[in-house]
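Novice: One structure coming up, written as structure tokens, with questions to follow.
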Amino acid sequence: MKKVLNPLIAVIVLALIPYAGITYGKLDYVFAIVIPYAAAAILVLGMLFRLVDWIRRPVPFNIPTTCGQEQSLDWVKTNPLECPSNPFMAAMRVLSEVFLFRSLFRNTKAELHSGPKLVYGSHKWLWLGGLAFHWSMLVIVVRHARFFLETLPMPIGLLESFDSFLDVTVPAFYITDAIALAAITFLVLRRLSDEKMRILSLSTDYFPLFLFGAIAVIGISMRYVTKVNVMPVKSLAMTLAHFGFDAPEPIGVLFYIHLFLVCVLLAYIPFSKLVHMGGIFLSPTRNLPNNSRAWRHVNPWNPDIKFRTYAEYEDEFREKMKKAGLPVEKQ
Amino acid sequence: MNKFSQLLAAIAAGLAVFVAAWFFIQAGHHGSVPAIAADAVAPAAASPAKGAPIDSSKCILPTDYMRAHHMQELNKWRKDSVRDGNRTFVNPEGAHFDKSLNTCMGCHGSNPMFCFMCHEYANVKPTCWNCHLSPMEVPQ
């Protein structure tokens, strides 16, 4: 239970920090300008540090995970996506993983029935919930471009109008808001509802979920219920987008809680499981083509060894060998 | 047991969607309008067909409140006047207003860019002018 309560309390405390700071400390400038820049710097530098570190790691063996027939004789049917034989198909496999979560689609469950009988079955809920969560979060993040850009590019405008096509409520209701909330709820309940998942889950699994949940709930509340004047929000976003340092006009404290939790999330990404957003591209089990039979995979750890062939050896000692009566290959 | 808990999770998630959707629809119709508690009395007091004479001498509610809530207030006015036939709005000070865009435009129409300046800046496209004549289209 501690594993669930601690991150929950952590998120609540984090939400109270800007509340106290704005209401009692009048620290608008700190929460509007200083902390967002600091969080962005931590995100960029942290991600660079992580990715450069991973790129520099040697990959001693060709270790792609495969689950299909690799390229073989012409009359053997190959599966280029499950067992990519060239870098292009390997890239396609990584992209299909990024956009469609193909490995989660293969998720199975194991259940112990009375008997005792162990039963395996297909289990697509995690795939569906994860897909719904990631895609709706992406749409929500992209939609926020309307605050940071002077004029909205046409694709983002289209995305917004698709997202609000139900045309209910004023301001228009975004479908992704509901999907994101439902997906977060599901992902939390998934960890809580099953004994095995409860044992496997750590507080670092719950913390990002609660953080995302708090950010989403506050953002949704600001849009539909406890309204916030958008003009100072827009001007603050424009200031941040232009790397300005102008003090913001007064905005509601709810907005600062939203912003602060987003900053916490950004700063948290490079040092947590959330760094998988960059790591997935650098995983050698996914990004290598399975071509070890066609190409020699050279271990980058190999020291530069100076080889000497027998022919060179004989060239040097041929006369001495002849004198000693040893057989030589070349006279 | 496992299957049961998964079913429970699925139902809970589905329920969350419906509750959220219902919540938003309610929020859109009523908004959080603590500033106009007196409004609840208005339908009984007002005569049903005719509203109050158009009074554009002052704003219906405080400026700060209107900046954040005008879209919900207008949406509520539309529902009250068009669907319920209740055309009179009474603000907390007891002043009567006709629930009509003309009440707003009496003042705010003088600047044809009044709506557009902010909406353009914030990249918000309201649907008001799909039906109504916008101040940009009215000859000054």
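Just remember, in the structure tokens the first chain shown is A, the second B, etc., residues are 1-based per chain, and ligands are 1-based in the order shown.
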Can you check which residues of stretch 10-143 of chain A DSSP gives as strand (DSSP E) on the backbone and send them as a PDB file with N, CA and C atoms, in the first residue's frame?

Specialist:
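Result file states03.pdb:
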```
ATOM      1  N   THR A 108       0.586 -11.688 -23.372  1.00  0.00           N
ATOM      2  CA  THR A 108      -0.228 -12.835 -22.976  1.00  0.00           C
ATOM      3  C   THR A 108      -0.406 -12.818 -21.464  1.00  0.00           C
ATOM      4  N   LYS A 109      -1.361 -13.594 -21.008  1.00  0.00           N
ATOM      5  CA  LYS A 109      -1.555 -13.724 -19.566  1.00  0.00           C
ATOM      6  C   LYS A 109      -1.478 -15.193 -19.205  1.00  0.00           C
ATOM      7  N   ALA A 110      -1.064 -15.439 -17.987  1.00  0.00           N
ATOM      8  CA  ALA A 110      -1.011 -16.804 -17.482  1.00  0.00           C
ATOM      9  C   ALA A 110      -1.879 -16.860 -16.240  1.00  0.00           C
ATOM     10  N   GLU A 111      -2.825 -17.809 -16.238  1.00  0.00           N
ATOM     11  CA  GLU A 111      -3.727 -17.919 -15.091  1.00  0.00           C
ATOM     12  C   GLU A 111      -3.692 -19.336 -14.547  1.00  0.00           C
ATOM     13  N   LEU A 112      -3.754 -19.431 -13.228  1.00  0.00           N
ATOM     14  CA  LEU A 112      -3.787 -20.731 -12.581  1.00  0.00           C
ATOM     15  C   LEU A 112      -5.233 -21.054 -12.228  1.00  0.00           C
ATOM     16  N   HIS A 113      -5.777 -22.095 -12.897  1.00  0.00           N
ATOM     17  CA  HIS A 113      -7.152 -22.492 -12.609  1.00  0.00           C
ATOM     18  C   HIS A 113      -7.140 -23.688 -11.676  1.00  0.00           C
ATOM     19  N   LYS A 117      -4.390 -26.092 -13.049  1.00  0.00           N
ATOM     20  CA  LYS A 117      -4.192 -26.054 -14.486  1.00  0.00           C
ATOM     21  C   LYS A 117      -3.708 -24.651 -14.852  1.00  0.00           C
ATOM     22  N   LEU A 118      -2.572 -24.578 -15.529  1.00  0.00           N
ATOM     23  CA  LEU A 118      -2.038 -23.275 -15.952  1.00  0.00           C
ATOM     24  C   LEU A 118      -2.554 -22.976 -17.351  1.00  0.00           C
ATOM     25  N   VAL A 119      -3.169 -21.835 -17.505  1.00  0.00           N
ATOM     26  CA  VAL A 119      -3.787 -21.493 -18.795  1.00  0.00           C
ATOM     27  C   VAL A 119      -3.184 -20.200 -19.307  1.00  0.00           C
ATOM     28  N   TYR A 120      -2.785 -20.217 -20.570  1.00  0.00           N
ATOM     29  CA  TYR A 120      -2.280 -18.992 -21.195  1.00  0.00           C
ATOM     30  C   TYR A 120      -3.323 -18.453 -22.159  1.00  0.00           C
ATOM     31  N   GLY A 121      -3.360 -17.148 -22.302  1.00  0.00           N
ATOM     32  CA  GLY A 121      -4.304 -16.584 -23.255  1.00  0.00           C
ATOM     33  C   GLY A 121      -3.843 -15.224 -23.744  1.00  0.00           C
ATOM     34  N   SER A 122      -4.477 -14.765 -24.800  1.00  0.00           N
ATOM     35  CA  SER A 122      -4.162 -13.448 -25.331  1.00  0.00           C
ATOM     36  C   SER A 122      -4.698 -12.371 -24.390  1.00  0.00           C
TER      37      SER A 122
END
```

Novice: Need the shell around B:Pro126: protein/DNA/RNA residues with any atom at most 9 Å away, counting only C-alpha atoms. Skip same-chain ones fewer than 2 positions apart. Format as a VMD selection string?

Specialist: (chain A and resid 171 to 172) or (chain B and resid 71 119 124 128 to 130)

Novice: Deliver the residues from the most recent selection as a file, using N, CA and C atoms, as a PDB file, in the first residue's frame.

Specialist:
```
ATOM      1  N   PRO A 171     -16.493  25.736 -23.582  1.00  0.00           N
ATOM      2  CA  PRO A 171     -15.714  25.523 -24.799  1.00  0.00           C
ATOM      3  C   PRO A 171     -15.839  24.083 -25.298  1.00  0.00           C
ATOM      4  N   ALA A 172     -15.606  23.906 -26.609  1.00  0.00           N
ATOM      5  CA  ALA A 172     -15.857  22.620 -27.247  1.00  0.00           C
ATOM      6  C   ALA A 172     -15.119  21.498 -26.528  1.00  0.00           C
TER       7      ALA A 172
ATOM      8  N   MET B  71     -17.931  32.798 -22.561  1.00  0.00           N
ATOM      9  CA  MET B  71     -18.442  31.787 -23.499  1.00  0.00           C
ATOM     10  C   MET B  71     -19.509  30.926 -22.843  1.00  0.00           C
ATOM     11  N   HIS B 119      -9.523  36.586 -29.676  1.00  0.00           N
ATOM     12  CA  HIS B 119      -9.702  35.244 -30.216  1.00  0.00           C
ATOM     13  C   HIS B 119      -8.625  34.909 -31.232  1.00  0.00           C
ATOM     14  N   VAL B 124      -8.446  30.949 -30.804  1.00  0.00           N
ATOM     15  CA  VAL B 124      -9.731  30.341 -30.459  1.00  0.00           C
ATOM     16  C   VAL B 124     -10.740  30.750 -31.516  1.00  0.00           C
ATOM     17  N   CYS B 128     -19.941  31.463 -32.808  1.00  0.00           N
ATOM     18  CA  CYS B 128     -21.002  32.478 -32.778  1.00  0.00           C
ATOM     19  C   CYS B 128     -21.379  32.940 -34.172  1.00  0.00           C
ATOM     20  N   TRP B 129     -20.341  33.240 -34.975  1.00  0.00           N
ATOM     21  CA  TRP B 129     -20.583  33.919 -36.245  1.00  0.00           C
ATOM     22  C   TRP B 129     -20.947  32.964 -37.353  1.00  0.00           C
ATOM     23  N   ASN B 130     -21.106  31.665 -37.017  1.00  0.00           N
ATOM     24  CA  ASN B 130     -21.670  30.749 -38.006  1.00  0.00           C
ATOM     25  C   ASN B 130     -23.112  31.164 -38.317  1.00  0.00           C
TER      26      ASN B 130
END
```

Novice: Any chance you could tabulate, as CSV, the residues of chain A at most 6 Å from chain B with each one's nearest atom pair and distance in Å to one decimal, using only C-alpha atoms, in chain and rising number order?

Specialist:
```
residue,atom,partner,partner_atom,distance
A:Arg146,CA,B:Asn123,CA,5.8
A:Thr169,CA,B:Gly28,CA,4.2
A:Val170,CA,B:Gly28,CA,5.1
A:Ala182,CA,B:Ala13,CA,5.5
A:Phe186,CA,B:Ala13,CA,5.4
A:Leu189,CA,B:Ala9,CA,5.9
A:Ser193,CA,B:Ser5,CA,5.7
A:Val225,CA,B:Ser32,CA,5.9
A:Lys227,CA,B:Ala68,CA,5.5
A:Val228,CA,B:Ala68,CA,5.3
A:Asn229,CA,B:Ala68,CA,4.4
```

Novice: Might you pull out every residue within 10 Å of A:Ala15, with only C-alpha atoms counted and same-chain residues fewer than 6 positions away left off, and present them as a list in words?

Specialist: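 Listed by chain and then number, they are Ile9, Leu211, Ala214, Ile215, Leu254, Tyr256, Ile257, His258, Leu259, Phe260 and Leu261 of chain A.
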
Novice: Give me the stretch 218-320 of chain A side of the contact with stretch 46-62 of chain A, cut-off 9 Å, one line per residue showing its nearest atom pair and distance in Å at one decimal, counting only C-alpha atoms, sorted by chain and residue number, as a tab-separated table.

Specialist:
```
residue	atom	partner	partner_atom	distance
A:Ala267	CA	A:Gly46	CA	8.1
A:Ile269	CA	A:Met47	CA	8.1
A:Pro270	CA	A:Gly46	CA	5.2
A:Phe271	CA	A:Gly46	CA	7.5
A:Val275	CA	A:Met47	CA	7.6
A:Gly278	CA	A:Leu51	CA	7.1
A:Gly279	CA	A:Leu51	CA	7.2
A:Leu282	CA	A:Trp54	CA	7.1
A:Ser283	CA	A:Trp54	CA	8.8
A:Pro284	CA	A:Val59	CA	7.3
A:Thr285	CA	A:Asn62	CA	8.2
A:Leu288	CA	A:Asn62	CA	6.9
A:Pro289	CA	A:Asn62	CA	8.1
A:Asn290	CA	A:Asn62	CA	7.3
A:Asn291	CA	A:Asn62	CA	8.2
A:Ser292	CA	A:Asn62	CA	6.5
A:His297	CA	A:Asn62	CA	6.2
A:Val298	CA	A:Pro60	CA	7.4
A:Asn299	CA	A:Pro60	CA	4.5
A:Pro300	CA	A:Pro58	CA	5.8
A:Trp301	CA	A:Pro58	CA	6.7
A:Asn302	CA	A:Pro60	CA	8.8
```
